[in-house]
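Below is one structure; the comments refer to it alone.
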Amino acid sequence: MAEPSIFSRIIAREIPATIVLETDRVIAFNDIAPQAPVHIVVTPKTEQYRDVVELAAGDPELLAELVATARQLADEHANGDFRLVFNTGADAGQTVFHVHAHVLAGHGGLGEDT
Ligand code: 5GP
């Protein structure tokens, strides 16, 4: 068995994080190295999907729940506008291979230094 991902360890409360939302299937917590005034990671509790492409093929409803959660978080923590980033693959900056979205808010859009 592979080691649990860092996010599975947060879900299991083995390592601390500031959890801002949790449902049966999804959890959201503040990123440890924020790249924007609001930077929240939203991830499924299951570790079975490595990236958004696998998730979209395997469980589109769960992907839709991630997006709906991002909407809710942006309403609760910013003015409702947000960027949703799924780094996909190591060369694109993905470091945790447990699918997750970055919800970024609180500044302008693409082209900012984030
Ligand atoms: P990726 O680079 O895979 O798209 O995103 C992984 C994100 O997880 C990074 O933004 C990184 O800062 C965040 N991260 C990594 N380890 C931890 C941790 O232990 N706690 C929290 N809250 N965030 C983490």
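Numbering starts fresh at 1 for the residues of each chain in the structure tokens, the chains themselves are lettered A, B, ... in the order given, and ligands are numbered from 1 as they appear.
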Extract, using only C-alpha atoms, all DNA, RNA and protein residues at most 7 Å from Ala28 in chain A, discarding same-chain residues fewer than 4 positions from it, and format them as a VMD selection string. chain A and resid 19 to 22 40 to 43
With N, CA and C atoms retained, export the selected residues as an mmCIF file, in the first residue's frame.
data_model
loop_
_atom_site.group_PDB
_atom_site.id
_atom_site.type_symbol
_atom_site.label_atom_id
_atom_site.label_comp_id
_atom_site.auth_asym_id
_atom_site.auth_seq_id
_atom_site.Cartn_x
_atom_site.Cartn_y
_atom_site.Cartn_z
ATOM 1 N N ILE A 19 -9.204 23.846 8.942
ATOM 2 C CA ILE A 19 -10.283 23.302 8.099
ATOM 3 C C ILE A 19 -11.424 24.307 8.104
ATOM 4 N N VAL A 20 -11.853 24.705 6.904
ATOM 5 C CA VAL A 20 -12.891 25.736 6.819
ATOM 6 C C VAL A 20 -14.233 25.176 6.385
ATOM 7 N N LEU A 21 -14.252 23.951 5.852
ATOM 8 C CA LEU A 21 -15.523 23.351 5.430
ATOM 9 C C LEU A 21 -15.303 21.848 5.299
ATOM 10 N N GLU A 22 -16.317 21.083 5.668
ATOM 11 C CA GLU A 22 -16.218 19.629 5.516
ATOM 12 C C GLU A 22 -17.608 19.067 5.265
ATOM 13 N N ILE A 40 -7.521 28.604 -0.474
ATOM 14 C CA ILE A 40 -8.105 27.419 0.185
ATOM 15 C C ILE A 40 -7.948 26.222 -0.753
ATOM 16 N N VAL A 41 -7.537 25.098 -0.188
ATOM 17 C CA VAL A 41 -7.453 23.839 -0.935
ATOM 18 C C VAL A 41 -8.757 23.068 -0.706
ATOM 19 N N VAL A 42 -9.372 22.631 -1.801
ATOM 20 C CA VAL A 42 -10.592 21.813 -1.714
ATOM 21 C C VAL A 42 -10.281 20.456 -2.319
ATOM 22 N N THR A 43 -10.545 19.395 -1.567
ATOM 23 C CA THR A 43 -10.147 18.070 -2.042
ATOM 24 C C THR A 43 -11.174 17.029 -1.626
#
Return as number ranges by chain the residues of protein, DNA or RNA that approach ligand 1 to within 7 Å, with only C-alpha atoms and all ligand atoms taken into account. A: 6, 17-18, 29-34, 41, 86-87, 93-97
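Of note, CA of Val99 in chain A and CA of Gln48 in chain A are spaced 8.5 Å apart.
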Compile the contact shell of Gly106 in chain A as a tab-separated table (two decimals) with N, CA and C atoms, in the first residue's frame: residues with an atom at most 9 Å away, counting only C-alpha atoms, same-chain residues fewer than 2 positions apart removed.
chain	number	residue	atom	x	y	z
A	36	ALA	N	-2.42	33.99	-2.28
A	36	ALA	CA	-3.40	35.07	-2.45
A	36	ALA	C	-4.01	35.32	-1.08
A	37	PRO	N	-4.69	36.45	-0.89
A	37	PRO	CA	-5.30	36.72	0.42
A	37	PRO	C	-6.22	35.59	0.89
A	38	VAL	N	-6.97	35.01	-0.02
A	38	VAL	CA	-7.73	33.80	0.28
A	38	VAL	C	-7.16	32.68	-0.58
A	39	HIS	N	-6.67	31.64	0.03
A	39	HIS	CA	-6.11	30.50	-0.71
A	39	HIS	C	-6.50	29.23	0.06
A	77	HIS	N	-15.68	33.70	2.10
A	77	HIS	CA	-14.36	34.22	2.49
A	77	HIS	C	-13.90	35.40	1.63
A	78	ALA	N	-14.61	35.69	0.55
A	78	ALA	CA	-14.26	36.81	-0.33
A	78	ALA	C	-15.56	37.40	-0.86
A	79	ASN	N	-15.46	38.14	-1.94
A	79	ASN	CA	-16.68	38.81	-2.43
A	79	ASN	C	-17.44	37.96	-3.44
A	81	ASP	N	-16.04	36.32	-6.06
A	81	ASP	CA	-15.24	36.07	-7.27
A	81	ASP	C	-13.99	35.28	-6.90
A	82	PHE	N	-13.59	34.37	-7.76
A	82	PHE	CA	-12.46	33.50	-7.40
A	82	PHE	C	-11.82	32.90	-8.66
A	104	LEU	N	-8.60	30.65	-5.10
A	104	LEU	CA	-7.79	31.86	-4.89
A	104	LEU	C	-8.69	33.07	-5.06
A	108	GLY	N	-6.81	40.61	-8.00
A	108	GLY	CA	-7.23	40.56	-9.40
A	108	GLY	C	-7.07	39.17	-10.01
Leaving out Glu65 in chain A and any residue of its chain fewer than 4 positions from it, which residues lie within 10 Å of it when counting only C-alpha atoms, given as a PyMOL selection string? chain A and resi 23+25-26+42-44+60-61+69-71
Helix (DSSP H, G or I) call set, DSSP backbone run, range 1-106 of chain A, as a PDB file with C-alpha atoms, in the first residue's frame:
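Final output, saved to result_38.pdb:
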ATOM      1  CA  ILE A   6      -0.529  14.621   3.057  1.00  0.00           C
ATOM      2  CA  PHE A   7      -4.163  15.551   2.467  1.00  0.00           C
ATOM      3  CA  SER A   8      -5.384  12.149   3.731  1.00  0.00           C
ATOM      4  CA  ARG A   9      -3.359  12.804   6.861  1.00  0.00           C
ATOM      5  CA  ILE A  10      -5.082  16.183   7.274  1.00  0.00           C
ATOM      6  CA  ILE A  11      -8.481  14.477   6.766  1.00  0.00           C
ATOM      7  CA  VAL A  52      -8.785  16.477 -12.178  1.00  0.00           C
ATOM      8  CA  VAL A  53      -8.703  14.496 -15.423  1.00  0.00           C
ATOM      9  CA  GLU A  54      -9.032  11.216 -13.530  1.00  0.00           C
ATOM     10  CA  LEU A  55     -11.731  12.706 -11.316  1.00  0.00           C
ATOM     11  CA  ALA A  56     -13.758  14.033 -14.252  1.00  0.00           C
ATOM     12  CA  ALA A  57     -13.688  10.597 -15.899  1.00  0.00           C
ATOM     13  CA  GLY A  58     -14.285   8.606 -12.718  1.00  0.00           C
ATOM     14  CA  PRO A  60     -18.057  13.808 -12.414  1.00  0.00           C
ATOM     15  CA  GLU A  61     -20.560  14.409  -9.616  1.00  0.00           C
ATOM     16  CA  LEU A  62     -17.733  14.634  -7.126  1.00  0.00           C
ATOM     17  CA  LEU A  63     -15.951  17.118  -9.409  1.00  0.00           C
ATOM     18  CA  ALA A  64     -19.170  19.158  -9.511  1.00  0.00           C
ATOM     19  CA  GLU A  65     -19.266  19.093  -5.720  1.00  0.00           C
ATOM     20  CA  LEU A  66     -15.706  20.454  -5.585  1.00  0.00           C
ATOM     21  CA  VAL A  67     -16.718  23.322  -7.879  1.00  0.00           C
ATOM     22  CA  ALA A  68     -19.863  24.058  -5.864  1.00  0.00           C
ATOM     23  CA  THR A  69     -17.762  24.048  -2.702  1.00  0.00           C
ATOM     24  CA  ALA A  70     -15.380  26.570  -4.281  1.00  0.00           C
ATOM     25  CA  ARG A  71     -18.370  28.823  -5.033  1.00  0.00           C
ATOM     26  CA  GLN A  72     -19.541  28.586  -1.421  1.00  0.00           C
ATOM     27  CA  LEU A  73     -16.057  29.305  -0.045  1.00  0.00           C
ATOM     28  CA  ALA A  74     -15.605  32.333  -2.287  1.00  0.00           C
ATOM     29  CA  ASP A  75     -18.956  33.666  -1.057  1.00  0.00           C
ATOM     30  CA  GLU A  76     -18.004  33.072   2.567  1.00  0.00           C
ATOM     31  CA  HIS A  77     -14.363  34.217   2.493  1.00  0.00           C
ATOM     32  CA  ALA A  90       4.460  17.655 -11.990  1.00  0.00           C
ATOM     33  CA  ASP A  91       5.579  19.937 -14.798  1.00  0.00           C
ATOM     34  CA  ALA A  92       2.503  22.092 -14.149  1.00  0.00           C
TER      35      ALA A  92
END
Please identify the strand (DSSP E or B) residues within chain A (assignment by DSSP from backbone atoms) and present them as a PyMOL selection string. chain A and resi 19-22+26-30+38-44+83-85+101-105+110+112
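What separates CA of Lys45 in chain A from CA of Pro4 in chain A is a distance of 11.5 Å.
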What is the distance between CA of Gly89 in chain A and CA of Ser5 in chain A, in Å to one decimal? 15.6 Å
Pick from A:Thr46, A:Gln35, A:Asp51, A:His102 nearest to Leu84 in chain A, counting only C-alpha atoms: A:His102
